[in-house]
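Visitor: What follows is start05.csv, CSV, C-alpha atoms.
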chain,number,residue,atom,x,y,z
O,1,MET,CA,-4.2,55.1,31.4
O,2,SER,CA,-3.0,53.0,34.4
O,3,TRP,CA,-1.1,49.8,34.0
O,4,HIS,CA,-4.2,47.9,35.0
O,5,GLU,CA,-6.3,49.6,32.4
O,6,ARG,CA,-3.6,49.0,29.8
O,7,ALA,CA,-3.5,45.3,30.7
O,8,VAL,CA,-7.3,44.9,30.4
O,9,HIS,CA,-7.2,46.8,27.2
O,10,SER,CA,-4.5,44.6,25.7
O,11,LEU,CA,-6.3,41.5,27.0
O,12,GLY,CA,-9.4,42.6,25.2
O,13,PHE,CA,-7.5,42.9,21.9
O,14,MET,CA,-5.9,39.4,22.5
O,15,MET,CA,-9.3,37.9,23.1
O,16,GLU,CA,-10.7,39.5,20.0
O,17,GLY,CA,-7.7,38.1,18.0
O,18,ASP,CA,-8.3,34.7,19.5
O,19,ASP,CA,-12.0,34.9,18.7
O,20,MET,CA,-11.1,35.9,15.1
O,21,ASP,CA,-8.7,33.0,14.8
O,22,LYS,CA,-11.3,30.6,16.1
O,23,ALA,CA,-13.9,32.0,13.7
O,24,VAL,CA,-11.6,31.6,10.7
O,25,GLU,CA,-10.7,28.1,11.8
O,26,GLY,CA,-14.4,27.2,12.2
O,27,PHE,CA,-15.2,28.7,8.8
O,28,VAL,CA,-12.4,26.7,7.1
O,29,GLN,CA,-13.5,23.5,8.8
O,30,VAL,CA,-17.2,23.9,7.7
O,31,LEU,CA,-16.0,24.7,4.2
O,32,SER,CA,-13.9,21.6,4.1
O,33,PHE,CA,-17.0,19.6,5.3
O,34,VAL,CA,-19.0,21.1,2.5
O,35,LEU,CA,-16.5,20.5,-0.2
O,36,ALA,CA,-15.9,16.9,0.9
O,37,SER,CA,-19.4,16.0,-0.5
O,38,SER,CA,-20.4,16.5,-4.1
O,39,SER,CA,-24.1,17.1,-3.0
O,40,THR,CA,-23.3,19.8,-0.4
O,41,ALA,CA,-20.7,21.4,-2.7
O,42,SER,CA,-23.3,21.6,-5.5
O,43,LEU,CA,-25.9,23.2,-3.2
O,44,LEU,CA,-23.3,25.8,-2.1
O,45,ALA,CA,-22.3,26.5,-5.7
O,46,VAL,CA,-25.9,27.0,-6.8
O,47,GLY,CA,-26.4,29.4,-3.9
O,48,LEU,CA,-23.4,31.4,-4.7
O,49,ILE,CA,-24.3,31.6,-8.4
O,50,LEU,CA,-27.8,32.9,-7.5
O,51,LEU,CA,-26.4,35.4,-5.1
O,52,LEU,CA,-24.0,36.6,-7.8
O,53,ILE,CA,-26.9,37.0,-10.2
O,54,THR,CA,-28.7,38.9,-7.4
O,55,THR,CA,-25.8,41.2,-7.1
O,56,VAL,CA,-25.9,41.9,-10.9
O,57,PHE,CA,-29.6,42.6,-10.7
O,58,ALA,CA,-29.0,45.0,-7.7
O,59,CYS,CA,-26.4,46.9,-9.7
O,60,ILE,CA,-28.8,47.2,-12.7
O,61,ALA,CA,-31.6,48.4,-10.4
O,62,LEU,CA,-29.5,51.0,-8.8
O,63,ARG,CA,-28.5,52.4,-12.2
O,64,SER,CA,-32.1,52.4,-13.5
O,65,LYS,CA,-35.0,54.7,-12.9
O,66,PRO,CA,-37.8,53.4,-10.8
O,67,GLU,CA,-40.2,53.3,-13.7
O,68,GLU,CA,-37.7,51.2,-15.7
O,69,VAL,CA,-37.7,48.4,-13.2
O,70,THR,CA,-40.4,45.9,-14.3
O,71,SER,CA,-42.4,43.6,-12.2
O,72,PHE,CA,-40.7,40.6,-13.8
O,73,PHE,CA,-37.3,42.1,-12.9
O,74,LYS,CA,-38.4,42.5,-9.3
O,75,VAL,CA,-39.8,38.9,-9.1
O,76,ALA,CA,-36.5,37.6,-10.6
O,77,PHE,CA,-34.5,39.6,-8.2
O,78,PHE,CA,-36.5,38.3,-5.2
O,79,LEU,CA,-36.4,34.7,-6.3
O,80,CYS,CA,-32.6,34.8,-6.9
O,81,LEU,CA,-32.0,36.5,-3.5
O,82,VAL,CA,-34.2,34.0,-1.6
O,83,GLY,CA,-32.9,31.0,-3.6
O,84,GLY,CA,-29.3,32.1,-3.1
O,85,ILE,CA,-29.7,32.4,0.6
O,86,LEU,CA,-31.5,29.1,0.9
O,87,PHE,CA,-29.1,27.1,-1.3
O,88,SER,CA,-26.1,28.8,0.3
O,89,ALA,CA,-27.4,27.8,3.8
O,90,ALA,CA,-28.5,24.3,2.7
O,91,GLY,CA,-25.0,23.3,1.7
O,92,PRO,CA,-23.3,23.9,5.1
O,93,SER,CA,-26.4,22.7,6.9
O,94,LEU,CA,-26.5,19.4,5.1
O,95,ALA,CA,-22.7,19.0,5.6
O,96,LEU,CA,-23.1,19.6,9.3
O,97,PHE,CA,-25.9,17.1,9.4
O,98,TYR,CA,-23.7,14.5,7.7
O,99,VAL,CA,-21.0,15.2,10.2
O,100,SER,CA,-23.5,14.8,13.1
O,101,GLN,CA,-24.5,11.4,11.7
O,102,ASP,CA,-21.0,10.3,11.0
O,103,PRO,CA,-18.7,12.5,13.1
O,104,ILE,CA,-15.4,10.9,12.0
O,105,ARG,CA,-14.2,12.3,8.7
O,106,ARG,CA,-13.3,9.6,6.3
O,107,LYS,CA,-10.7,9.9,3.6
O,108,PRO,CA,-12.3,10.4,0.1
O,109,VAL,CA,-11.4,7.9,-2.6
O,110,ASN,CA,-9.6,10.5,-4.7
O,111,ALA,CA,-7.5,11.5,-1.8
O,112,ALA,CA,-6.5,7.9,-1.2
O,113,ILE,CA,-5.6,7.5,-4.9
O,114,ASP,CA,-3.5,10.7,-4.7
O,115,ASP,CA,-1.7,9.1,-1.7
O,116,LEU,CA,-1.1,6.0,-3.8
O,117,ALA,CA,0.3,8.0,-6.6
O,118,SER,CA,2.7,10.0,-4.4
O,119,ASN,CA,3.4,7.1,-2.0
O,120,ARG,CA,2.4,9.4,0.9
O,121,ARG,CA,4.2,8.6,4.2
O,122,VAL,CA,2.3,6.3,6.5
O,123,ARG,CA,2.4,7.1,10.3
O,124,TYR,CA,0.2,4.4,11.7
O,125,VAL,CA,-0.7,1.0,10.2
O,126,ILE,CA,-3.7,-1.2,10.9
O,127,ARG,CA,-4.0,-5.0,10.7
O,128,LEU,CA,-7.5,-6.6,10.6
O,129,ILE,CA,-8.1,-10.3,11.4
O,130,SER,CA,-11.6,-11.7,10.8
O,131,ARG,CA,-12.4,-14.7,12.9
O,132,SER,CA,-15.1,-17.0,14.0
O,133,PRO,CA,-16.2,-16.5,17.6
O,134,SER,CA,-15.2,-20.0,18.4
O,135,ASP,CA,-11.7,-19.5,17.0
O,136,ALA,CA,-10.0,-18.4,20.3
O,137,ALA,CA,-6.5,-18.5,18.8
O,138,LEU,CA,-7.3,-15.4,16.7
O,139,GLY,CA,-8.8,-13.5,19.6
O,140,ILE,CA,-7.1,-10.3,20.4
O,141,ASP,CA,-5.8,-11.7,23.7
O,142,ALA,CA,-4.3,-14.8,22.1
O,143,LEU,CA,-2.6,-13.2,19.0
O,144,THR,CA,1.1,-13.4,19.2
O,145,GLN,CA,2.0,-12.1,15.7
O,146,LEU,CA,0.4,-10.0,13.0
O,147,GLY,CA,0.0,-13.0,10.8
O,148,PRO,CA,0.4,-16.8,10.9
O,149,ALA,CA,3.7,-18.0,12.3
O,150,ARG,CA,5.0,-19.3,9.0
O,151,GLN,CA,4.6,-15.9,7.3
O,152,LYS,CA,7.6,-13.6,7.1
O,153,TYR,CA,5.6,-10.6,5.8
O,154,SER,CA,1.9,-9.7,6.4
O,155,PHE,CA,-0.4,-7.2,4.7
O,156,VAL,CA,-1.4,-4.0,6.5
O,157,ALA,CA,-3.2,-0.8,5.6
O,158,ASP,CA,-2.8,2.9,6.4
O,159,TYR,CA,-4.9,3.6,9.5
O,160,GLU,CA,-5.8,7.0,8.3
O,161,GLU,CA,-7.6,5.5,5.3
O,162,LEU,CA,-9.8,3.2,7.3
O,163,LYS,CA,-10.7,5.3,10.4
O,164,GLY,CA,-14.4,6.3,10.5
O,165,TYR,CA,-15.6,3.3,8.5
O,166,THR,CA,-17.6,0.5,10.1
O,167,VAL,CA,-15.5,-2.6,10.7
O,168,LYS,CA,-17.5,-4.3,7.9
O,169,GLU,CA,-16.7,-1.5,5.5
O,170,ALA,CA,-13.0,-1.7,6.5
O,171,LEU,CA,-12.9,-5.4,5.8
O,172,ASP,CA,-14.5,-4.9,2.4
O,173,LEU,CA,-12.1,-2.0,1.6
O,174,PHE,CA,-9.1,-4.2,2.6
O,175,GLY,CA,-10.3,-7.1,0.5
O,176,ILE,CA,-10.9,-9.4,3.4
O,177,GLY,CA,-14.7,-9.4,3.2
O,178,TYR,CA,-17.2,-9.6,6.0
O,179,VAL,CA,-18.6,-13.0,7.2
O,180,ALA,CA,-21.8,-12.8,9.1
O,181,GLY,CA,-21.4,-13.5,12.8
O,182,TYR,CA,-17.6,-13.2,12.7
O,183,ARG,CA,-15.7,-10.9,15.1
O,184,VAL,CA,-12.7,-8.9,14.1
O,185,SER,CA,-9.4,-8.5,15.9
O,186,VAL,CA,-7.6,-5.2,15.1
O,187,VAL,CA,-4.0,-4.0,15.8
O,188,ILE,CA,-3.1,-0.4,15.3
O,189,PHE,CA,0.5,0.8,15.9
O,190,PRO,CA,2.9,3.6,14.9
O,191,LEU,CA,5.2,2.6,12.1
O,192,GLN,CA,8.8,2.2,13.2
O,193,VAL,CA,10.0,-0.5,10.8
O,194,ASP,CA,10.4,-0.9,7.1
O,195,LEU,CA,7.2,-0.8,5.1
O,196,TYR,CA,6.9,-2.0,1.5
O,197,PRO,CA,4.1,-0.6,-0.7
O,198,ALA,CA,2.5,-3.7,-2.1
O,199,ASN,CA,2.8,-2.7,-5.8
O,200,ALA,CA,4.5,-4.9,-8.2
O,201,ARG,CA,7.9,-3.5,-7.3
O,202,GLY,CA,7.4,-3.7,-3.5
O,203,LEU,CA,6.1,-7.3,-3.8
O,204,LEU,CA,9.1,-8.4,-5.7
O,205,GLN,CA,11.4,-6.7,-3.1
O,206,VAL,CA,9.7,-8.7,-0.4
O,207,VAL,CA,9.9,-11.9,-2.4
O,208,SER,CA,13.6,-11.2,-2.8
O,209,ASN,CA,14.0,-10.8,1.0
O,210,VAL,CA,12.1,-13.9,2.0
O,211,GLU,CA,13.9,-16.0,-0.6
O,212,ALA,CA,17.1,-15.6,1.2
O,213,GLY,CA,15.8,-18.5,3.3
O,214,VAL,CA,14.7,-20.6,0.3
O,215,SER,CA,16.9,-23.0,-1.4
O,216,PRO,CA,18.3,-21.6,-4.7
O,217,GLN,CA,16.5,-24.2,-6.9
O,218,ASP,CA,13.2,-23.3,-5.4
O,219,ARG,CA,13.5,-19.5,-5.7
O,220,PHE,CA,11.3,-17.5,-7.9
O,221,LEU,CA,13.8,-14.7,-8.5
O,222,LYS,CA,16.5,-16.8,-10.0
O,223,PRO,CA,19.5,-15.1,-11.6
O,224,GLY,CA,18.6,-13.4,-14.9
O,225,LYS,CA,15.0,-12.6,-13.9
O,226,LEU,CA,15.9,-9.0,-13.4
O,227,SER,CA,18.1,-6.9,-15.7
O,228,ASP,CA,21.2,-5.0,-14.4
O,229,ASP,CA,19.2,-1.7,-14.5
O,230,GLU,CA,16.4,-3.3,-12.6
O,231,LEU,CA,18.8,-4.7,-10.0
O,232,ARG,CA,20.4,-1.3,-9.5
O,233,GLU,CA,17.0,0.4,-9.1
O,234,PHE,CA,15.6,-2.5,-7.1
O,235,GLY,CA,17.8,-2.0,-4.0
O,236,ASP,CA,16.5,1.5,-3.2
O,237,THR,CA,13.7,1.6,-0.7
O,238,GLY,CA,13.3,5.3,-0.3
O,239,ILE,CA,9.7,6.6,-0.3
O,240,PRO,CA,10.0,8.4,-3.7
O,241,THR,CA,11.3,5.3,-5.4
O,242,TYR,CA,7.8,3.6,-5.0
O,243,ARG,CA,6.1,6.4,-6.9
O,244,LEU,CA,5.2,4.7,-10.1
O,245,ASP,CA,6.1,7.7,-12.2
O,246,ASN,CA,9.7,7.2,-11.0
O,247,PHE,CA,10.0,3.7,-12.3
O,248,LYS,CA,7.3,3.7,-15.0
O,249,PRO,CA,9.6,2.3,-17.8
O,250,LEU,CA,10.4,-0.7,-15.5
O,251,TYR,CA,6.8,-1.2,-14.3
O,252,PRO,CA,5.6,-3.5,-17.2
O,253,HIS,CA,8.4,-6.1,-16.5
O,254,TYR,CA,8.0,-5.8,-12.7
O,255,CYS,CA,4.2,-6.3,-13.1
O,256,GLU,CA,4.7,-9.3,-15.5
O,257,LEU,CA,7.0,-11.0,-12.9
O,258,ALA,CA,4.6,-10.1,-10.1
O,259,GLN,CA,1.6,-11.6,-12.0
O,260,THR,CA,3.6,-14.8,-12.6
O,261,PHE,CA,4.4,-15.0,-8.9
O,262,PHE,CA,0.8,-14.1,-7.9
O,263,CYS,CA,-0.7,-16.8,-10.2
O,264,GLY,CA,1.9,-19.5,-9.7
O,265,GLN,CA,3.0,-21.9,-6.9
O,266,TYR,CA,6.4,-21.0,-5.4
O,267,ALA,CA,8.0,-21.7,-2.1
O,268,ALA,CA,8.1,-18.0,-1.2
O,269,LYS,CA,4.4,-17.6,-1.7
O,270,GLU,CA,3.4,-19.0,1.7
O,271,LEU,CA,5.9,-16.7,3.3
O,272,VAL,CA,4.0,-13.6,1.9
O,273,GLY,CA,0.6,-13.5,3.5
O,274,GLY,CA,-2.7,-12.4,2.1
O,275,LEU,CA,-1.9,-12.3,-1.6
O,276,TYR,CA,-5.5,-12.9,-2.8
O,277,ARG,CA,-7.6,-11.9,-5.8
O,278,ASP,CA,-8.3,-8.4,-4.4
O,279,TRP,CA,-4.6,-7.5,-4.8
O,280,HIS,CA,-3.8,-5.0,-7.7
O,281,PRO,CA,-0.2,-4.6,-9.0
O,282,LEU,CA,-0.4,-0.8,-8.6
O,283,GLY,CA,-0.5,-1.4,-4.8
O,284,PHE,CA,-4.0,-1.4,-3.6
O,285,SER,CA,-6.8,-3.7,-2.6
O,286,GLN,CA,-10.1,-3.9,-4.6
O,287,LYS,CA,-13.7,-4.1,-3.5
O,288,ASN,CA,-15.6,-6.6,-5.6
O,289,PRO,CA,-12.4,-7.9,-7.2
O,290,PRO,CA,-12.4,-10.0,-10.4
O,291,THR,CA,-13.3,-13.6,-9.8
O,292,GLN,CA,-10.3,-14.9,-11.9
O,293,PRO,CA,-7.6,-12.3,-11.9
O,294,CYS,CA,-5.1,-14.9,-13.3
O,295,ALA,CA,-7.2,-15.2,-16.4
O,296,ILE,CA,-6.8,-11.5,-17.2
O,297,PRO,CA,-4.3,-11.1,-20.1
O,298,LYS,CA,-1.0,-9.6,-19.0
O,299,GLU,CA,-1.5,-6.5,-21.1
O,300,LYS,CA,-4.7,-5.6,-19.3
O,301,PHE,CA,-3.5,-6.9,-15.8
O,302,CYS,CA,-0.5,-4.6,-16.1
O,303,SER,CA,-1.9,-1.7,-18.0
O,304,PHE,CA,-1.2,1.8,-16.8
O,305,SER,CA,-1.2,5.1,-18.6
O,306,ASP,CA,-1.9,7.7,-15.9
O,307,TRP,CA,-3.6,8.2,-12.6
O,308,ASP,CA,-6.6,9.9,-14.0
O,309,LYS,CA,-7.5,6.7,-15.8
O,310,VAL,CA,-7.0,4.7,-12.6
O,311,ARG,CA,-9.5,7.1,-10.9
O,312,GLN,CA,-12.1,6.5,-13.6
O,313,GLU,CA,-11.6,2.8,-13.9
O,314,PHE,CA,-11.5,2.0,-10.1
O,315,LYS,CA,-13.7,4.7,-8.7
O,316,GLY,CA,-16.4,2.2,-7.7
O,317,HIS,CA,-14.1,-0.5,-6.3
O,318,PHE,CA,-10.9,1.1,-5.1
O,319,GLY,CA,-10.2,-0.2,-1.6
O,320,VAL,CA,-7.2,1.1,0.3
O,321,ARG,CA,-3.4,1.2,-0.2
O,322,ALA,CA,-1.9,-2.1,0.6
O,323,PHE,CA,1.5,-2.6,2.3
O,324,LEU,CA,3.7,-5.5,3.4
O,325,ILE,CA,5.4,-5.4,6.8
O,326,GLU,CA,7.5,-7.9,8.7
O,327,ASN,CA,5.4,-10.3,10.6
O,328,LEU,CA,6.1,-8.7,14.0
O,329,GLU,CA,5.5,-10.1,17.4
O,330,ILE,CA,2.6,-8.1,18.8
O,331,SER,CA,3.9,-7.9,22.3
O,332,LYS,CA,7.1,-6.2,21.1
O,333,ILE,CA,5.4,-3.5,19.0
O,334,PRO,CA,5.8,-0.1,20.7
O,335,GLY,CA,2.7,1.9,21.1
O,336,ARG,CA,0.4,-0.9,19.9
O,337,MET,CA,-3.4,-0.6,20.4
O,338,LEU,CA,-5.6,-3.7,20.3
O,339,PHE,CA,-9.3,-3.9,19.7
O,340,ASP,CA,-11.8,-6.7,19.6
O,341,PHE,CA,-14.9,-5.8,17.6
O,342,GLN,CA,-17.9,-8.0,18.2
O,343,ASP,CA,-20.4,-6.1,16.0
O,344,PRO,CA,-18.6,-5.3,12.7
O,345,LEU,CA,-21.9,-3.9,11.2
O,346,ARG,CA,-22.1,-1.2,13.8
O,347,ASP,CA,-18.6,-0.8,15.3
O,348,ARG,CA,-16.3,1.7,13.7
O,349,ILE,CA,-12.6,2.1,13.3
O,350,PRO,CA,-12.2,4.8,15.9
O,351,ASP,CA,-10.6,8.2,15.5
O,352,LEU,CA,-7.9,7.9,18.1
O,353,GLY,CA,-6.6,11.5,17.7
O,354,LEU,CA,-3.2,10.2,16.8
O,355,PRO,CA,-0.4,12.7,16.1
O,356,LEU,CA,0.7,13.2,12.5
O,357,SER,CA,4.3,12.7,13.5
O,358,PHE,CA,6.2,11.1,16.3
O,359,ASP,CA,9.8,10.5,17.4
Turn this file's structure into structure tokens for me.
Guide:
Amino acid sequence: MSWHERAVHSLGFMMEGDDMDKAVEGFVQVLSFVLASSSTASLLAVGLILLLITTVFACIALRSKPEEVTSFFKVAFFLCLVGGILFSAAGPSLALFYVSQDPIRRKPVNAAIDDLASNRRVRYVIRLISRSPSDAALGIDALTQLGPARQKYSFVADYEELKGYTVKEALDLFGIGYVAGYRVSVVIFPLQVDLYPANARGLLQVVSNVEAGVSPQDRFLKPGKLSDDELREFGDTGIPTYRLDNFKPLYPHYCELAQTFFCGQYAAKELVGGLYRDWHPLGFSQKNPPTQPCAIPKEKFCSFSDWDKVRQEFKGHFGVRAFLIENLEISKIPGRMLFDFQDPLRDRIPDLGLPLSFD
């Protein structure tokens, strides 16, 4: 075999290998689409069960004499075979239809709650600002900071949790709420500064930071509010420290203090923006939040046993993870992306194809 023939032969194998990799990748992607929806996953499961039953019937038929195979058996075999094929095909077909109608994959609620429990690292954050069309000061071209000038910290969300949603849906998830006729200014940028999960612990850390500029007599976190153990734990801002399981014994007291701050009037409160009734002390925003959260008894407001219970209790109105970030000057944020959405009912938070990591 000449070198040319060997090269062509090798190239053929490489192409076959590449095709195989692409086929496997495509299969995995379709399977992930199917499993992302309970309806498509159920269709696929029914189809596979019917095909399994068909296989059992086939084995029985092969081991039986022709005269032993009844008409009922043949009909059952045929129905299971056809049903298995149809249901197995219906699951992926419906999943692909969903994708064609809504091509940007959105993060499922359970995955977002998993991220909350593990305090999964955030790569890009998003800030949404709803405004009246006549309020030019909040237009994307006029914005100078993430929040009002008086704020020291502003609320943001994980971009990955909001991409693919309509802007209206994103507003609802973030607890802002949609106002008919309003436009929405959006800032998306890579995270390169400290970010505080807005759970009870993170909120108190931010309060402690901003109260450095508040007179001692007006501070919320006066000496004695936190125990020595809490103060030692309080100073650590590593990602694992915000996982509730890592400070669970201290959470009830942190939450009690956070509720007092949330429901009271303190000098530091106007320095921490967006602390409204949608905020939950576990660190997320709520859709359809309680109308009077401060009327909720402390025991219920701060109750936590495990994340499975959180999934059950907030399945219908879990929003997104909430974070507090320094009120940055927008013009100085590296890699910032600015958007002006004029039709929140139809416009979507785009999939920008952002890398999972960056230097």
Visitor: Have a look at atom CA of Ile126 of chain O and atom CA of Val186 of chain O and let me know their distance in Å, one decimal.
Guide: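 Atom CA of Val186 of chain O lies at a distance of 7.0 Å from atom CA of Ile126 of chain O.
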Visitor: Select, from O:Lys107, O:Ala41, O:Asp343, O:Gly47, the residue with the minimum atom-to-atom distance to Leu79 of chain O, counting only C-alpha atoms.
Guide: O:Gly47
Visitor: May I have the residues within 10 Å of segment 60-63 of chain O as a list in words, using only C-alpha atoms and disregarding those fewer than 4 positions away in the same chain?
Guide: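 Listed by chain and then number, they are Thr54, Thr55, Val56, Glu68, Val69, Thr70, Phe73, Lys74 and Phe77 of chain O.
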Visitor: Determine the nearest neighbour of Pro334 of chain O from the options O:Arg321, O:Leu191, O:Asp308, O:Arg201, counting only C-alpha atoms.
Guide: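 Distance minimum relative to Pro334 of chain O lands on O:Leu191.
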Visitor: Select, from O:Ser71, O:Gln342, O:Gln286, O:Ser134, the residue with the minimum atom-to-atom distance to Lys315 of chain O, counting all atoms listed in the file.
Guide: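 With all atoms listed in the file as the atom set, the closest residue is O:Gln286.
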Visitor: List every protein, DNA or RNA residue that has at least one atom no more than 12 Å from (13.8, -20.4, -2.8) in the file's coordinates, counting all atoms listed in the file, and write the result as a list in words.
Guide: Val207, Ser208, Asn209, Val210, Glu211, Ala212, Gly213, Val214, Ser215, Pro216, Gln217, Asp218, Arg219, Phe220, Leu221, Lys222, Pro223, Gln265, Tyr266, Ala267, Ala268, Lys269, Glu270 and Leu271 of chain O
Visitor: Which residues of segment 227-340 of chain O sit at most 9 Å from segment 155-160 of chain O, using all atoms listed in the file? Give each one's shortest atom pair and distance in Å (one decimal place), in chain and ascending residue order, as CSV.
Guide:
residue,atom,partner,partner_atom,distance
O:Val272,CA,O:Phe155,CA,8.3
O:Gly273,CA,O:Phe155,CA,6.5
O:Gly274,CA,O:Phe155,CA,6.3
O:Leu275,CA,O:Phe155,CA,8.2
O:Val320,CA,O:Ala157,CA,6.9
O:Arg321,CA,O:Ala157,CA,6.1
O:Ala322,CA,O:Ala157,CA,5.3
O:Phe323,CA,O:Val156,CA,5.3
O:Leu324,CA,O:Phe155,CA,4.6
O:Ile325,CA,O:Phe155,CA,6.4
O:Glu326,CA,O:Phe155,CA,8.9
O:Asn327,CA,O:Phe155,CA,8.8
Visitor: Interatomic distance between atom CA of Gly335 of chain O and atom CA of Arg123 of chain O?
Guide: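 For atom CA of Gly335 of chain O relative to atom CA of Arg123 of chain O, the distance reads 12.0 Å.
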